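See below for input_24.cif, which holds mmCIF, C-alpha atoms.
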```cif
data_start
loop_
_atom_site.label_atom_id
_atom_site.label_comp_id
_atom_site.auth_asym_id
_atom_site.auth_seq_id
_atom_site.Cartn_x
_atom_site.Cartn_y
_atom_site.Cartn_z
CA MET A 1 19.10 0.93 -5.30
CA LYS A 2 16.94 1.45 -8.39
CA ILE A 3 13.35 2.68 -8.09
CA ALA A 4 11.10 2.35 -11.15
CA VAL A 5 7.76 4.06 -11.79
CA THR A 6 5.19 2.67 -14.23
CA GLY A 7 3.08 5.07 -16.29
CA ALA A 8 5.73 7.72 -15.64
CA THR A 9 4.46 10.13 -18.31
CA GLY A 10 0.87 10.02 -17.03
CA HIS A 11 -0.79 12.67 -14.87
CA LEU A 12 0.14 10.95 -11.60
CA GLY A 13 3.37 9.32 -12.76
CA THR A 14 4.97 12.60 -13.78
CA PHE A 15 4.38 13.96 -10.28
CA VAL A 16 5.72 10.76 -8.66
CA VAL A 17 8.99 11.06 -10.60
CA LYS A 18 9.24 14.73 -9.65
CA GLU A 19 8.72 13.92 -5.96
CA LEU A 20 11.23 11.05 -6.07
CA LYS A 21 13.87 13.38 -7.53
CA LYS A 22 13.62 15.41 -4.31
CA ARG A 23 14.47 12.33 -2.27
CA VAL A 24 16.94 10.16 -4.20
CA PRO A 25 19.59 10.80 -6.88
CA ASN A 26 18.25 10.99 -10.44
CA GLU A 27 20.37 8.03 -11.49
CA ASN A 28 18.43 5.84 -9.02
CA ILE A 29 15.11 6.49 -10.78
CA VAL A 30 13.79 4.66 -13.84
CA ALA A 31 10.73 5.82 -15.78
CA LEU A 32 8.78 2.93 -17.31
CA VAL A 33 6.68 4.17 -20.23
CA ARG A 34 4.90 2.90 -23.31
CA THR A 35 6.35 5.65 -25.52
CA PRO A 36 9.94 6.45 -24.40
CA GLU A 37 10.29 9.50 -26.68
CA LYS A 38 7.59 11.25 -24.62
CA ALA A 39 9.62 10.89 -21.42
CA SER A 40 12.79 12.82 -22.28
CA ALA A 41 11.78 15.81 -20.13
CA LEU A 42 11.68 13.69 -16.96
CA GLY A 43 15.46 13.83 -16.63
CA VAL A 44 15.85 10.18 -15.54
CA GLU A 45 16.57 6.83 -17.18
CA VAL A 46 13.70 5.73 -19.43
CA ARG A 47 12.78 2.17 -20.39
CA ALA A 48 10.04 0.90 -22.71
CA PHE A 49 7.27 -0.79 -20.74
CA ASP A 50 3.91 -2.11 -21.89
CA TYR A 51 1.37 -3.62 -19.48
CA ASN A 52 0.29 -6.02 -22.24
CA LYS A 53 3.77 -7.39 -23.04
CA PRO A 54 5.10 -9.53 -20.16
CA ASP A 55 8.41 -10.36 -21.85
CA VAL A 56 9.19 -6.70 -22.45
CA MET A 57 8.28 -5.90 -18.84
CA THR A 58 10.56 -8.54 -17.36
CA GLU A 59 13.46 -7.14 -19.38
CA ALA A 60 12.60 -3.56 -18.40
CA LEU A 61 12.56 -4.48 -14.70
CA ALA A 62 16.07 -5.96 -14.73
CA GLY A 63 18.08 -4.48 -11.87
CA ILE A 64 15.05 -2.77 -10.30
CA ASP A 65 14.80 -3.11 -6.50
CA ARG A 66 11.61 -1.16 -5.87
CA LEU A 67 8.62 -0.50 -8.10
CA VAL A 68 5.84 2.08 -7.92
CA LEU A 69 3.00 0.36 -9.78
CA ILE A 70 0.60 3.08 -10.88
CA SER A 71 -2.67 1.47 -11.85
CA SER A 72 -3.42 1.21 -15.55
CA ASN A 73 -6.02 3.58 -17.00
CA GLU A 74 -7.59 0.86 -19.17
CA ILE A 75 -10.68 0.02 -17.13
CA GLY A 76 -11.70 -3.60 -17.67
CA LEU A 77 -8.15 -4.64 -18.57
CA ARG A 78 -6.50 -3.44 -15.39
CA ALA A 79 -6.52 -6.68 -13.40
CA SER A 80 -4.86 -8.76 -16.13
CA GLN A 81 -2.37 -5.96 -16.87
CA HIS A 82 -1.45 -5.64 -13.21
CA PHE A 83 -1.06 -9.42 -12.93
CA ASN A 84 1.38 -9.21 -15.85
CA VAL A 85 3.41 -6.55 -14.03
CA ILE A 86 3.49 -8.49 -10.76
CA GLU A 87 4.56 -11.68 -12.53
CA ALA A 88 7.28 -9.84 -14.47
CA ALA A 89 8.48 -8.16 -11.27
CA GLY A 90 8.78 -11.55 -9.59
CA LYS A 91 10.85 -12.94 -12.47
CA ALA A 92 13.08 -9.84 -12.50
CA GLY A 93 13.77 -10.01 -8.77
CA VAL A 94 11.96 -6.82 -7.73
CA ARG A 95 11.86 -6.82 -3.93
CA TRP A 96 9.08 -4.34 -3.18
CA ILE A 97 6.03 -2.93 -4.99
CA VAL A 98 4.05 0.14 -3.94
CA TYR A 99 0.65 -0.06 -5.65
CA THR A 100 -1.84 2.78 -6.17
CA SER A 101 -5.20 1.19 -5.38
CA LEU A 102 -8.64 2.67 -4.61
CA LEU A 103 -10.03 4.10 -1.37
CA HIS A 104 -11.74 1.31 0.62
CA ALA A 105 -11.24 -1.07 -2.31
CA ASP A 106 -12.52 -3.98 -0.26
CA SER A 107 -15.91 -2.39 0.47
CA SER A 108 -16.47 0.35 -2.13
CA THR A 109 -19.50 0.24 -4.46
CA LEU A 110 -17.47 1.98 -7.19
CA ASN A 111 -17.31 -0.26 -10.25
CA LEU A 112 -13.55 0.40 -10.25
CA ALA A 113 -13.07 -1.46 -6.97
CA GLY A 114 -13.10 -5.05 -8.24
CA GLU A 115 -9.96 -4.79 -10.34
CA HIS A 116 -8.09 -3.01 -7.57
CA LYS A 117 -9.15 -5.62 -5.01
CA ALA A 118 -8.02 -8.42 -7.35
CA THR A 119 -4.65 -6.69 -7.83
CA GLU A 120 -4.20 -6.29 -4.08
CA GLU A 121 -4.86 -10.00 -3.58
CA ALA A 122 -2.42 -10.94 -6.34
CA LEU A 123 0.23 -8.68 -4.86
CA LYS A 124 -0.17 -10.16 -1.39
CA ALA A 125 0.08 -13.68 -2.82
CA SER A 126 3.13 -12.91 -4.96
CA GLY A 127 5.75 -13.18 -2.23
CA ILE A 128 7.08 -9.72 -3.17
CA GLY A 129 7.18 -7.05 -0.48
CA TYR A 130 4.25 -4.64 -0.91
CA THR A 131 2.67 -1.40 0.24
CA ILE A 132 -0.87 -0.60 -0.85
CA LEU A 133 -1.86 3.04 -1.22
CA ARG A 134 -5.64 3.17 -1.53
CA ASN A 135 -5.97 6.51 -3.27
CA GLY A 136 -9.17 8.48 -2.89
CA TRP A 137 -10.60 10.69 -5.63
CA TYR A 138 -8.37 13.21 -7.36
CA THR A 139 -9.76 16.73 -6.98
CA GLU A 140 -8.86 17.21 -10.65
CA ASN A 141 -11.56 14.66 -11.53
CA TYR A 142 -14.05 17.41 -10.67
CA THR A 143 -12.12 20.63 -11.30
CA GLY A 144 -11.58 19.44 -14.87
CA SER A 145 -15.30 20.16 -15.40
CA ILE A 146 -15.12 23.79 -14.26
CA GLY A 147 -14.80 25.15 -17.80
CA GLY A 148 -17.94 23.33 -18.86
CA ALA A 149 -19.77 24.50 -15.74
CA LEU A 150 -18.90 28.12 -16.46
CA ALA A 151 -20.00 27.74 -20.09
CA GLY A 152 -23.24 26.00 -19.14
CA GLY A 153 -24.08 28.11 -16.09
CA ALA A 154 -24.26 25.17 -13.65
CA PHE A 155 -22.16 22.35 -12.22
CA ILE A 156 -23.96 19.09 -12.89
CA GLY A 157 -23.66 15.63 -11.38
CA SER A 158 -25.50 12.86 -9.58
CA ALA A 159 -23.61 12.79 -6.27
CA GLY A 160 -26.42 14.31 -4.20
CA ASN A 161 -25.09 15.41 -0.81
CA GLY A 162 -22.32 12.82 -0.83
CA LYS A 163 -19.19 13.80 1.08
CA ILE A 164 -16.07 13.80 -1.11
CA SER A 165 -12.66 13.68 0.59
CA SER A 166 -10.56 14.28 -2.49
CA ALA A 167 -6.96 15.49 -2.70
CA ALA A 168 -4.79 16.86 -5.48
CA ARG A 169 -2.74 14.46 -7.60
CA VAL A 170 0.46 15.95 -6.26
CA ASP A 171 -0.58 14.91 -2.73
CA TYR A 172 -0.98 11.27 -3.78
CA ALA A 173 2.26 11.43 -5.77
CA GLU A 174 4.14 12.66 -2.73
CA ALA A 175 2.65 9.80 -0.71
CA ALA A 176 3.98 7.27 -3.23
CA ALA A 177 7.45 8.87 -3.14
CA VAL A 178 7.47 8.89 0.66
CA ALA A 179 6.31 5.27 0.88
CA ILE A 180 8.77 3.78 -1.63
CA THR A 181 11.78 5.49 -0.01
CA ASP A 182 11.08 4.33 3.56
CA GLU A 183 10.99 0.61 4.35
CA SER A 184 8.90 1.20 7.47
CA HIS A 185 5.89 1.37 5.12
CA LYS A 186 6.44 -2.15 3.79
CA GLY A 187 3.52 -4.53 4.35
CA LYS A 188 1.05 -1.74 5.11
CA VAL A 189 -2.25 -0.67 3.56
CA TYR A 190 -3.14 3.02 3.68
CA GLU A 191 -6.53 4.67 3.07
CA LEU A 192 -5.55 7.98 1.47
CA ALA A 193 -7.91 10.94 1.15
CA GLY A 194 -8.05 14.70 1.60
CA ASP A 195 -8.13 16.26 5.06
CA ASP A 196 -11.49 17.92 4.44
CA TYR A 197 -14.61 16.85 2.59
CA TYR A 198 -17.00 18.78 0.37
CA THR A 199 -20.21 18.12 -1.52
CA LEU A 200 -20.66 19.08 -5.16
CA ALA A 201 -22.86 21.94 -3.95
CA ASP A 202 -19.89 23.15 -1.89
CA LEU A 203 -17.67 22.85 -4.97
CA ALA A 204 -20.16 24.87 -7.03
CA ALA A 205 -20.22 27.55 -4.32
CA GLU A 206 -16.41 27.73 -4.33
CA ILE A 207 -16.37 28.07 -8.11
CA SER A 208 -19.03 30.79 -7.89
CA ASN A 209 -17.05 32.65 -5.25
CA GLN A 210 -13.78 32.59 -7.18
CA ALA A 211 -15.27 33.17 -10.64
CA GLY A 212 -17.50 36.01 -9.47
CA THR A 213 -20.60 34.49 -11.06
CA ASN A 214 -23.37 32.25 -9.74
CA ILE A 215 -22.77 28.60 -10.69
CA PRO A 216 -25.36 26.44 -8.88
CA TYR A 217 -25.11 22.69 -8.48
CA ARG A 218 -27.76 20.76 -10.41
CA ASN A 219 -28.25 17.24 -9.10
CA LEU A 220 -29.50 14.84 -11.77
CA THR A 221 -30.57 11.23 -11.80
CA GLU A 222 -27.95 8.77 -12.96
CA ALA A 223 -29.80 8.32 -16.26
CA GLU A 224 -30.15 12.07 -16.85
CA TYR A 225 -26.49 12.70 -16.11
CA THR A 226 -25.46 9.87 -18.43
CA ARG A 227 -27.57 11.30 -21.27
CA ILE A 228 -26.12 14.79 -20.85
CA LEU A 229 -22.55 13.44 -20.81
CA GLU A 230 -23.30 11.52 -24.01
CA SER A 231 -24.54 14.78 -25.57
CA PHE A 232 -21.02 16.15 -24.95
CA GLU A 233 -19.76 13.34 -27.23
CA ILE A 234 -18.45 11.27 -24.35
CA PRO A 235 -18.68 7.56 -25.34
CA ALA A 236 -21.80 5.91 -23.91
CA GLY A 237 -19.93 3.40 -21.75
CA PHE A 238 -17.67 6.01 -20.21
CA ALA A 239 -20.57 8.43 -19.69
CA ALA A 240 -22.44 5.73 -17.77
CA ALA A 241 -19.32 5.00 -15.71
CA ILE A 242 -18.85 8.66 -14.74
CA ALA A 243 -22.48 8.94 -13.64
CA SER A 244 -22.20 5.72 -11.64
CA TRP A 245 -19.13 7.05 -9.83
CA ASP A 246 -21.16 10.06 -8.71
CA VAL A 247 -23.88 7.74 -7.44
CA SER A 248 -21.23 5.88 -5.45
CA ALA A 249 -20.10 9.26 -4.07
CA SER A 250 -23.68 9.84 -2.89
CA LYS A 251 -23.35 6.62 -0.86
CA GLY A 252 -20.18 7.83 0.88
CA ASP A 253 -17.64 5.84 -1.13
CA LEU A 254 -15.42 8.90 -1.68
CA PHE A 255 -15.41 9.91 2.01
CA ASP A 256 -12.69 9.17 4.53
CA ASP A 257 -11.71 11.21 7.58
CA SER A 258 -8.72 9.22 8.85
CA ARG A 259 -6.22 11.78 7.52
CA GLN A 260 -3.71 9.05 6.70
CA LEU A 261 -2.60 10.96 3.60
CA SER A 262 -1.58 14.15 5.40
CA THR A 263 0.08 12.03 8.11
CA LEU A 264 2.08 10.16 5.48
CA ILE A 265 3.27 13.26 3.63
CA GLY A 266 3.77 15.35 6.77
CA ARG A 267 1.67 18.31 5.64
CA PRO A 268 -2.00 19.21 5.08
CA THR A 269 -3.49 18.06 1.80
CA THR A 270 -4.12 20.66 -0.92
CA PRO A 271 -7.31 22.63 -0.05
CA LEU A 272 -10.23 22.60 -2.48
CA SER A 273 -9.93 26.38 -2.88
CA GLU A 274 -6.36 26.02 -4.22
CA SER A 275 -7.37 23.37 -6.73
CA VAL A 276 -10.27 25.50 -7.96
CA LYS A 277 -7.97 28.50 -8.26
CA ALA A 278 -5.48 26.47 -10.30
CA ALA A 279 -8.24 25.20 -12.59
CA LEU A 280 -9.62 28.70 -13.15
#
```

How would this structure read if it were set down as structure tokens?
Amino acid sequence: MKIAVTGATGHLGTFVVKELKKRVPNENIVALVRTPEKASALGVEVRAFDYNKPDVMTEALAGIDRLVLISSNEIGLRASQHFNVIEAAGKAGVRWIVYTSLLHADSSTLNLAGEHKATEEALKASGIGYTILRNGWYTENYTGSIGGALAGGAFIGSAGNGKISSAARVDYAEAAAVAITDESHKGKVYELAGDDYYTLADLAAEISNQAGTNIPYRNLTEAEYTRILESFEIPAGFAAAIASWDVSASKGDLFDDSRQLSTLIGRPTTPLSESVKAAL
């Protein structure tokens, strides 16, 4: 039985490979990556794989039984890239795909939801066995801004009092490894999120507590937040996207209290305090 992981050198993919190595022999794992020379440290078989090259993908998936399809990071191109992967998997005889989707993809106001929903529909129509892991927000999406908050004296955003049920990447990676190695998860859709929620004001308070300095949360309008992000030399389109995601958070799109993630991995999700400590 061969299990392949797309995007295996990415932030999430690296963790998925690491978690799989705890569960199956290394020789059963295949890392699918755009740049094979970057994957030597993974300690598993590596194959060249490009979401934009269907012929290459079909060849790379030869002999693969199960596939962890980690969503592409190219927003706007994701749906077509994922369709390419699903089509190639069908031609190569892949029997089961575990796909990392988005929390409440069918109802979320996040502008990321459409491509995930389209991928889910394509996967269900493909005739290949599937499991859909609707991943909530990664805590790292916010803790990555801690350095800037400390430098600027405030944590900024436009999420208001929105509840955010995020979890660490390693939690979602473990969920993918658990799912792909147990056929009882086939045909299921999971809403995955952290056990506990926080607001950005709570996050700022946790940073303040651990850093020993007062870092308040400053809530901005979507337009103000976009302008400030642009001033940090973030491209205009991406700055607008980040601000819009916060606005979606204010509407509850990053909240879920079903605890399906901790149930799936058999342990509590990583607490916010641990993620802040790691970032600091």

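With distances restricted to all atoms listed in the file, A:Trp96 is the closest residue to Thr181 in chain A from A:Tyr225, A:Trp96, A:Tyr198, A:Phe49.
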
task: With a distance cut-off of 9 Å and only C-alpha atoms, select the neighbouring residues of range 70-86 of chain A, excluding the residue or stretch itself and same-chain residues fewer than 6 positions from it, and output the selection as a ChimeraX atom specification.
output: /A:5-8,12-13,50-54,57-58,97-101,112,114-119,122-123,126,128

Mind writing the picked residues with C-alpha atoms as a compact mmCIF listing (two decimals), in the coordinates of the input?
```
# COMPACT_ATOMS: atom_id res chain seq x y z
CA VAL A 5 7.76 4.06 -11.79
CA THR A 6 5.19 2.67 -14.23
CA GLY A 7 3.08 5.07 -16.29
CA ALA A 8 5.73 7.72 -15.64
CA LEU A 12 0.14 10.95 -11.60
CA GLY A 13 3.37 9.32 -12.76
CA ASP A 50 3.91 -2.11 -21.89
CA TYR A 51 1.37 -3.62 -19.48
CA ASN A 52 0.29 -6.02 -22.24
CA LYS A 53 3.77 -7.39 -23.04
CA PRO A 54 5.10 -9.53 -20.16
CA MET A 57 8.28 -5.90 -18.84
CA THR A 58 10.56 -8.54 -17.36
CA ILE A 97 6.03 -2.93 -4.99
CA VAL A 98 4.05 0.14 -3.94
CA TYR A 99 0.65 -0.06 -5.65
CA THR A 100 -1.84 2.78 -6.17
CA SER A 101 -5.20 1.19 -5.38
CA LEU A 112 -13.55 0.40 -10.25
CA GLY A 114 -13.10 -5.05 -8.24
CA GLU A 115 -9.96 -4.79 -10.34
CA HIS A 116 -8.09 -3.01 -7.57
CA LYS A 117 -9.15 -5.62 -5.01
CA ALA A 118 -8.02 -8.42 -7.35
CA THR A 119 -4.65 -6.69 -7.83
CA ALA A 122 -2.42 -10.94 -6.34
CA LEU A 123 0.23 -8.68 -4.86
CA SER A 126 3.13 -12.91 -4.96
CA ILE A 128 7.08 -9.72 -3.17
```

Take the PyMOL selection byres ((chain A and resi 151-158) around 10), apply it to the structure above, and return the hits as a compact mmCIF listing (two decimals) with C-alpha atoms, keeping the file's coordinate frame.
```
# COMPACT_ATOMS: atom_id res chain seq x y z
CA TYR A 142 -14.05 17.41 -10.67
CA SER A 145 -15.30 20.16 -15.40
CA ILE A 146 -15.12 23.79 -14.26
CA GLY A 147 -14.80 25.15 -17.80
CA GLY A 148 -17.94 23.33 -18.86
CA ALA A 149 -19.77 24.50 -15.74
CA LEU A 150 -18.90 28.12 -16.46
CA ALA A 159 -23.61 12.79 -6.27
CA GLY A 160 -26.42 14.31 -4.20
CA ASN A 161 -25.09 15.41 -0.81
CA GLY A 162 -22.32 12.82 -0.83
CA LEU A 200 -20.66 19.08 -5.16
CA ALA A 201 -22.86 21.94 -3.95
CA LEU A 203 -17.67 22.85 -4.97
CA ALA A 204 -20.16 24.87 -7.03
CA ALA A 205 -20.22 27.55 -4.32
CA ILE A 207 -16.37 28.07 -8.11
CA SER A 208 -19.03 30.79 -7.89
CA THR A 213 -20.60 34.49 -11.06
CA ASN A 214 -23.37 32.25 -9.74
CA ILE A 215 -22.77 28.60 -10.69
CA PRO A 216 -25.36 26.44 -8.88
CA TYR A 217 -25.11 22.69 -8.48
CA ARG A 218 -27.76 20.76 -10.41
CA ASN A 219 -28.25 17.24 -9.10
CA LEU A 220 -29.50 14.84 -11.77
CA THR A 221 -30.57 11.23 -11.80
CA GLU A 222 -27.95 8.77 -12.96
CA ALA A 223 -29.80 8.32 -16.26
CA GLU A 224 -30.15 12.07 -16.85
CA TYR A 225 -26.49 12.70 -16.11
CA THR A 226 -25.46 9.87 -18.43
CA ILE A 228 -26.12 14.79 -20.85
CA LEU A 229 -22.55 13.44 -20.81
CA ILE A 242 -18.85 8.66 -14.74
CA ALA A 243 -22.48 8.94 -13.64
CA SER A 244 -22.20 5.72 -11.64
CA TRP A 245 -19.13 7.05 -9.83
CA ASP A 246 -21.16 10.06 -8.71
CA VAL A 247 -23.88 7.74 -7.44
CA SER A 248 -21.23 5.88 -5.45
CA ALA A 249 -20.10 9.26 -4.07
CA SER A 250 -23.68 9.84 -2.89
```

- prompt: Which residue, A:Asn28, A:Ser165, A:Asn141, A:Gln210, has the smallest gap to Leu280 in chain A when you use all atoms listed in the file?
  reply: A:Gln210

statement: Restricting to only C-alpha atoms, whichever of A:Glu37, A:Ala92, A:Asn135, A:Pro235 is closest to Val56 in chain A is A:Ala92

message: Nearest residue to His104 in chain A out of A:Ala240, A:Ile265, A:Leu133, A:Met1, using all atoms listed in the file?
response: A:Leu133
